[in-house]
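Chemist: Next up, model-v8.txt (compact mmCIF, C-alpha atoms).
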```
# COMPACT_ATOMS: atom_id res chain seq x y z
CA MET D 573 204.54 -96.19 64.90
CA SER D 574 202.59 -97.43 67.90
CA ASP D 575 198.82 -97.47 68.17
CA SER D 576 198.69 -94.74 70.83
CA ALA D 577 200.75 -92.38 68.66
CA ALA D 578 198.37 -92.97 65.78
CA ALA D 579 195.43 -92.20 68.03
CA THR D 580 196.81 -88.85 69.25
CA ASP D 581 197.93 -87.79 65.76
CA ALA D 582 194.55 -88.52 64.21
CA PRO D 583 192.52 -85.37 63.51
CA THR D 584 189.29 -85.16 65.48
CA ILE D 585 186.61 -86.69 63.32
CA LYS D 586 183.32 -84.86 63.33
CA PRO D 587 180.34 -87.15 63.90
CA ARG D 588 179.03 -88.36 60.56
CA PRO D 589 175.75 -86.90 59.45
CA THR D 590 172.82 -89.18 60.22
CA SER D 591 169.44 -89.11 58.61
CA PRO D 592 166.93 -86.88 60.41
CA HIS D 593 164.78 -88.64 62.93
CA LEU D 594 161.12 -88.25 63.87
CA SER D 595 161.67 -85.21 66.08
CA ILE D 596 162.47 -82.84 63.23
CA TYR D 597 159.30 -83.46 61.25
CA ARG D 598 156.27 -81.21 61.49
CA TRP D 599 153.38 -83.29 62.77
CA GLN D 600 150.92 -84.47 60.14
CA ILE D 601 147.94 -86.76 60.42
CA SER D 602 149.46 -89.51 58.24
CA MET D 603 152.26 -90.27 60.69
CA SER D 604 149.89 -90.72 63.63
CA LEU D 605 147.51 -92.87 61.61
CA SER D 606 150.38 -95.00 60.37
CA ILE D 607 151.67 -95.81 63.85
CA LEU D 608 148.08 -96.32 65.05
CA HIS D 609 147.61 -98.93 62.33
CA ARG D 610 150.49 -100.94 63.75
CA MET D 611 149.43 -100.42 67.36
CA THR D 612 145.83 -101.48 66.69
CA GLY D 613 147.19 -104.43 64.72
CA MET D 614 149.19 -105.57 67.73
CA ALA D 615 146.21 -105.03 70.03
CA LEU D 616 144.06 -107.15 67.72
CA ALA D 617 146.68 -109.89 67.59
CA PHE D 618 146.67 -109.92 71.39
CA GLY D 619 142.86 -110.08 71.23
CA LEU D 620 143.11 -113.44 69.45
CA ILE D 621 143.85 -114.97 72.86
CA PHE D 622 140.50 -113.62 74.00
CA LEU D 623 138.80 -114.94 70.85
CA THR D 624 140.20 -118.40 71.60
CA TRP D 625 138.76 -118.17 75.10
CA TRP D 626 135.33 -117.24 73.66
CA VAL D 627 135.23 -120.21 71.27
CA PHE D 628 136.44 -122.60 73.99
CA ALA D 629 133.94 -121.25 76.51
CA VAL D 630 131.13 -122.07 74.07
CA LEU D 631 132.62 -125.55 73.56
CA CYS D 632 133.00 -126.26 77.29
CA GLY D 633 129.42 -125.43 78.29
CA PRO D 634 127.17 -122.98 80.13
CA ALA D 635 129.38 -122.67 83.24
CA ALA D 636 132.48 -121.80 81.23
CA TYR D 637 130.44 -119.43 79.08
CA ASP D 638 129.12 -117.66 82.18
CA GLN D 639 132.68 -117.25 83.40
CA PHE D 640 133.58 -115.70 80.06
CA LEU D 641 130.55 -113.37 80.21
CA ASP D 642 131.50 -112.32 83.74
CA PHE D 643 134.84 -111.16 82.41
CA THR D 644 133.27 -109.24 79.51
CA ARG D 645 131.01 -107.45 81.99
CA SER D 646 133.84 -106.53 84.37
CA ILE D 647 135.46 -103.10 84.08
CA LEU D 648 138.67 -104.59 82.67
CA GLY D 649 136.67 -106.70 80.22
CA ARG D 650 134.67 -103.67 79.07
CA ILE D 651 137.86 -101.64 78.56
CA PHE D 652 139.39 -104.49 76.53
CA LEU D 653 136.25 -105.02 74.45
CA ILE D 654 135.74 -101.33 73.70
CA GLY D 655 139.44 -101.05 72.85
CA TRP D 656 139.35 -104.11 70.60
CA SER D 657 136.15 -103.15 68.82
CA TRP D 658 137.51 -99.68 68.07
CA SER D 659 140.89 -101.15 67.05
CA LEU D 660 139.16 -103.57 64.71
CA VAL D 661 137.07 -100.88 63.02
CA TYR D 662 140.01 -98.50 62.79
CA HIS D 663 142.41 -101.15 61.47
CA LYS D 664 139.86 -102.26 58.92
CA LEU D 665 138.99 -98.77 57.63
CA ASN D 666 142.63 -97.72 57.53
CA GLY D 667 143.47 -101.09 55.94
CA ILE D 668 141.01 -100.32 53.14
CA ARG D 669 142.86 -97.01 52.74
CA HIS D 670 146.10 -99.01 52.45
CA LEU D 671 144.58 -101.31 49.81
CA PHE D 672 143.69 -98.24 47.71
CA TRP D 673 147.29 -97.03 48.00
CA ASP D 674 148.44 -100.47 46.87
CA MET D 675 146.40 -99.87 43.71
CA GLY D 676 148.18 -96.54 43.32
CA LYS D 677 145.15 -94.45 44.24
CA GLY D 678 144.71 -91.68 46.81
CA PHE D 679 148.34 -90.59 47.20
CA GLU D 680 147.69 -86.84 46.70
CA ILE D 681 148.33 -85.07 50.00
CA PRO D 682 144.88 -83.41 50.32
CA THR D 683 143.22 -86.76 49.50
CA MET D 684 145.38 -88.55 52.06
CA THR D 685 144.52 -86.06 54.77
CA GLN D 686 140.83 -86.26 53.91
CA SER D 687 140.72 -90.06 53.85
CA GLY D 688 142.65 -90.08 57.14
CA ILE D 689 140.10 -87.83 58.84
CA MET D 690 137.27 -89.95 57.41
CA VAL D 691 138.88 -93.11 58.80
CA VAL D 692 139.16 -91.64 62.30
CA LEU D 693 135.60 -90.27 62.33
CA GLY D 694 134.24 -93.45 60.77
CA SER D 695 135.99 -95.62 63.34
CA PHE D 696 134.28 -93.83 66.24
CA ILE D 697 130.86 -93.80 64.57
CA LEU D 698 130.95 -97.49 63.59
CA THR D 699 132.25 -98.56 67.03
CA ALA D 700 129.37 -96.67 68.66
CA LEU D 701 126.92 -98.39 66.28
CA ILE D 702 128.30 -101.84 67.15
CA TRP D 703 127.81 -101.21 70.87
CA LEU D 704 124.36 -99.76 70.25
CA LEU D 705 123.46 -102.92 68.32
CA ALA D 706 124.82 -105.13 71.11
CA PHE D 707 122.87 -103.33 73.83
CA THR D 708 119.58 -102.87 72.00
CA THR D 709 119.15 -106.36 70.55
CA ALA D 710 116.63 -108.06 72.78
CA PRO D 711 116.83 -111.86 73.10
CA GLN D 712 113.44 -112.41 71.43
CA ILE D 713 114.57 -110.75 68.17
CA MET D 714 117.30 -113.34 67.75
CA GLY D 715 114.84 -116.00 68.83
CA ALA D 716 112.56 -114.97 65.99
CA MET D 717 115.48 -114.98 63.54
CA HIS D 718 116.34 -118.56 64.41
CA GLY D 719 112.69 -119.61 64.55
CA MET A 818 174.65 -107.19 23.70
CA VAL A 819 174.38 -107.43 27.44
CA ASP A 820 171.37 -105.65 28.91
CA ILE A 821 172.90 -102.98 31.16
CA LYS A 822 169.65 -101.50 32.41
CA SER A 823 169.78 -103.86 35.38
CA ILE A 824 172.72 -104.97 37.49
CA ARG A 825 170.86 -108.07 38.61
CA SER A 826 171.82 -111.40 37.12
CA PRO A 827 169.39 -112.82 34.54
CA LEU A 828 168.76 -115.81 36.82
CA GLY A 829 168.06 -113.50 39.78
CA ARG A 830 165.59 -111.52 37.71
CA ALA A 831 163.87 -114.63 36.39
CA ARG A 832 163.42 -115.92 39.93
CA GLY A 833 162.15 -112.51 41.03
CA LEU A 834 162.82 -113.17 44.69
CA GLY A 835 164.67 -109.94 45.51
CA SER A 836 167.03 -109.24 48.40
CA ALA A 837 164.78 -110.87 51.00
CA HIS A 838 164.75 -114.10 48.94
CA GLN A 839 161.00 -114.32 49.36
CA GLY A 840 159.77 -112.19 46.50
CA SER A 841 156.43 -110.50 47.02
CA HIS A 842 154.76 -113.54 48.57
CA HIS A 843 154.63 -112.16 52.13
CA TRP A 844 153.29 -108.83 50.92
CA TRP A 845 150.73 -110.45 48.64
CA VAL A 846 149.36 -112.88 51.25
CA GLN A 847 149.06 -110.01 53.74
CA ARG A 848 146.85 -108.18 51.22
CA MET A 849 144.83 -111.27 50.30
CA THR A 850 144.07 -112.11 53.94
CA ALA A 851 143.19 -108.43 54.53
CA LEU A 852 140.77 -108.51 51.59
CA ALA A 853 139.13 -111.70 52.84
CA LEU A 854 138.79 -110.25 56.32
CA ILE A 855 136.78 -107.22 55.16
CA PRO A 856 133.54 -109.18 54.57
CA LEU A 857 134.34 -111.94 57.10
CA LEU A 858 134.87 -109.60 60.03
CA THR A 859 131.87 -107.45 59.10
CA TRP A 860 129.80 -110.62 59.39
CA LEU A 861 131.51 -111.71 62.62
CA VAL A 862 131.26 -108.36 64.40
CA VAL A 863 127.58 -107.93 63.55
CA SER A 864 126.86 -111.53 64.61
CA VAL A 865 128.71 -111.16 67.91
CA ALA A 866 126.92 -107.86 68.64
CA LEU A 867 123.57 -109.57 68.00
CA LEU A 868 124.58 -112.52 70.21
CA ALA A 869 125.83 -110.39 73.11
CA GLN A 870 122.54 -110.56 75.05
CA GLN A 871 121.59 -114.09 74.03
CA PRO A 872 121.46 -117.10 76.34
CA TYR A 873 124.08 -119.84 76.03
CA ASP A 874 121.90 -122.25 74.04
CA MET A 875 121.32 -119.65 71.35
CA VAL A 876 125.04 -118.90 71.04
CA ARG A 877 125.86 -122.60 70.82
CA ALA A 878 123.12 -123.20 68.23
CA TRP A 879 124.47 -120.32 66.17
CA MET A 880 128.03 -121.63 66.35
CA SER A 881 127.08 -125.17 65.39
CA SER A 882 125.20 -124.20 62.23
CA PRO A 883 127.12 -125.19 59.07
CA ILE A 884 127.30 -121.65 57.64
CA THR A 885 128.66 -120.26 60.90
CA ALA A 886 131.17 -123.08 61.29
CA VAL A 887 132.57 -122.49 57.80
CA LEU A 888 132.59 -118.68 57.96
CA LEU A 889 134.03 -118.70 61.49
CA SER A 890 136.78 -121.15 60.47
CA LEU A 891 137.65 -118.98 57.49
CA SER A 892 137.66 -115.88 59.71
CA ILE A 893 139.92 -117.58 62.24
CA PHE A 894 142.32 -118.83 59.58
CA ASN A 895 142.59 -115.42 57.92
CA MET A 896 142.83 -113.54 61.22
CA PHE A 897 145.67 -115.70 62.55
CA TYR A 898 147.50 -115.69 59.22
CA HIS A 899 147.16 -111.91 58.87
CA ALA A 900 148.17 -111.32 62.50
CA TRP A 901 151.19 -113.56 62.07
CA LEU A 902 152.39 -111.68 58.96
CA GLY A 903 151.82 -108.31 60.65
CA LEU A 904 153.66 -109.27 63.83
CA GLN A 905 156.50 -110.62 61.69
CA VAL A 906 156.90 -107.27 59.89
CA ILE A 907 156.73 -105.31 63.15
CA THR A 908 159.32 -107.58 64.76
CA GLU A 909 161.66 -107.32 61.79
CA ASP A 910 161.30 -103.54 61.73
CA TYR A 911 161.86 -102.76 65.39
CA ILE A 912 163.94 -105.57 66.91
CA SER A 913 167.43 -105.07 65.55
CA LYS A 914 169.31 -107.55 67.74
CA LYS A 915 169.29 -110.74 65.72
CA SER A 916 168.99 -113.25 68.54
CA SER A 917 166.01 -111.40 70.08
CA ARG A 918 164.42 -111.00 66.67
CA VAL A 919 164.62 -114.68 65.85
CA ALA A 920 163.42 -115.62 69.34
CA ILE A 921 160.34 -113.37 69.01
CA LEU A 922 159.60 -114.65 65.50
CA VAL A 923 159.70 -118.24 66.77
CA ILE A 924 157.46 -117.46 69.77
CA VAL A 925 154.96 -115.57 67.60
CA GLN A 926 154.78 -118.42 65.10
CA GLY A 927 154.34 -120.95 67.90
CA LEU A 928 151.53 -118.97 69.53
CA VAL A 929 149.75 -118.43 66.21
CA TYR A 930 149.86 -122.17 65.44
CA LEU A 931 148.76 -123.14 68.95
CA LEU A 932 145.87 -120.66 69.35
CA GLY A 933 144.77 -121.10 65.73
CA ALA A 934 144.66 -124.88 66.14
CA LEU A 935 142.73 -124.57 69.42
CA CYS A 936 140.13 -122.30 67.78
CA LEU A 937 139.66 -124.51 64.72
CA PHE A 938 139.42 -127.65 66.86
CA ALA A 939 136.78 -126.03 69.10
CA ILE A 940 134.70 -124.87 66.13
CA LEU A 941 134.81 -128.28 64.47
CA LYS A 942 133.93 -130.06 67.70
CA ILE A 943 130.95 -127.76 68.25
CA ALA A 944 129.78 -128.10 64.64
CA LEU A 945 130.25 -131.86 64.33
CA GLY A 946 128.82 -132.57 67.75
```
If you convert what's in this file into C-alpha cells, what do you get?

Modeler:
Amino acid sequence: MSDSAAATDAPTIKPRPTSPHLSIYRWQISMSLSILHRMTGMALAFGLIFLTWWVFAVLCGPAAYDQFLDFTRSILGRIFLIGWSWSLVYHKLNGIRHLFWDMGKGFEIPTMTQSGIMVVLGSFILTALIWLLAFTTAPQIMGAMHG
Amino acid sequence: MVDIKSIRSPLGRARGLGSAHQGSHHWWVQRMTALALIPLLTWLVVSVALLAQQPYDMVRAWMSSPITAVLLSLSIFNMFYHAWLGLQVITEDYISKKSSRVAILVIVQGLVYLLGALCLFAILKIALG
C-alpha cells in the first residue's frame, strides 16, 4: 500500500482538544496583577541601565552629573522616572504579597482580591509621596542633616 | 519492601534536584534577594528623593560615606541578582525556540555582569577616593 492511498483512506481526524487559553476566562484582578508584576519587573530591570548611568555620573564629576540631571528633567526622563518609581513600589508591594503566599498565607479568594486592591491603591499613594518628598525637600534641610 | 509511594529513585530523592536539575535554589535565592531588597530599596528610594534637589557636592559626599557605600553596594548586588533571576524565568516561560532562548539568557547574563560590575566599581572608586 502506497503512502498516498494510506492518506486518502485515513478517517478525518478531529483536532485534538487543547487546554483553554486566556480568552475564555472571566477577568479577575489577580490575572492583571500577576502580569503587571512581570511587566514592572522587566521595566525595573531595564531601569538598571539608568541606575548605572546615575552612579557613573556621580563618579565622573559635576559636568556629567548635570548631563544626567538634564535628562531626568526632560519630558522623556520624567516619564521614565515616574514609570520606574511606580513600578518599583508596585513590584515591591505585590512582591510582599507573593512572599506571604510562599508562606501559605492569604490564598482565600476574598483575601486575594482585597490584598490586590490594597497593593494597587498603595502603589499610587506611595509613589505620590515619593515625588512629594523629592519636590518639597529644600537643599538646606539636607545640609542640616549632614552638618 | 520497596517504598512505592514515590516513583523517583532513592538517589534522585536524596539529591532533591527535581526535573530541572537545580532543586529549589533558583526559587530560594529569588526570595532571599527579594527579602533583602525590601529594606534596602526603602532606604535607597527615600535617600534618592531627598537628594533630588541637592547640589552635586552633597550627592557625592552622601555616596562616599561608608554606610552609603556598603548599603548601596548591597542594594546593587541584590537588585542585579534579583533582576537576573526574574528575567531568566520570564525568558524560559515565553521564549519557546531553544536557540533564541539560550541566546537571550546569555545576553541577559552578560549585561547583568557588565552593568553590575560597572556600578560596584563606581561606588568603590567614589568611596575609596

Chemist: So that I can see what lies close to Ile681 (chain D), please list as a ChimeraX atom specification the residues with an atom at most 12 Å from it, counting all atoms listed in the file and leaving out residues fewer than 5 positions away in the same chain.

Modeler: /D:600-602,686-688

Chemist: At a cut-off of 10 Å, which residues of chain A touch chain D? Count only C-alpha atoms and give the answer as number ranges by chain.

Modeler: A: 848-849, 851-852, 854-855, 858-859, 862-881, 889, 893, 896-897, 899-901, 903-904, 906-907, 928-929, 932-944, 946

Chemist: Quick one: pull the distance between CA of Gly840 (chain A) and CA of Arg825 (chain A), Å, one decimal.

Modeler: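 Those two atoms sit 14.2 Å apart.
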
Chemist: Can you tell me how far CA of Ile921 (chain A) sits from CA of Ala615 (chain D), in Å to one decimal?

Modeler: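 Going from CA of Ile921 (chain A) over to CA of Ala615 (chain D), I get 16.4 Å.
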
Chemist: State, in Å with one decimal place, the distance from CA of Leu857 (chain A) to CA of Ser892 (chain A).

Modeler: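 Taking CA of Leu857 (chain A) and CA of Ser892 (chain A), their separation equals 5.8 Å.
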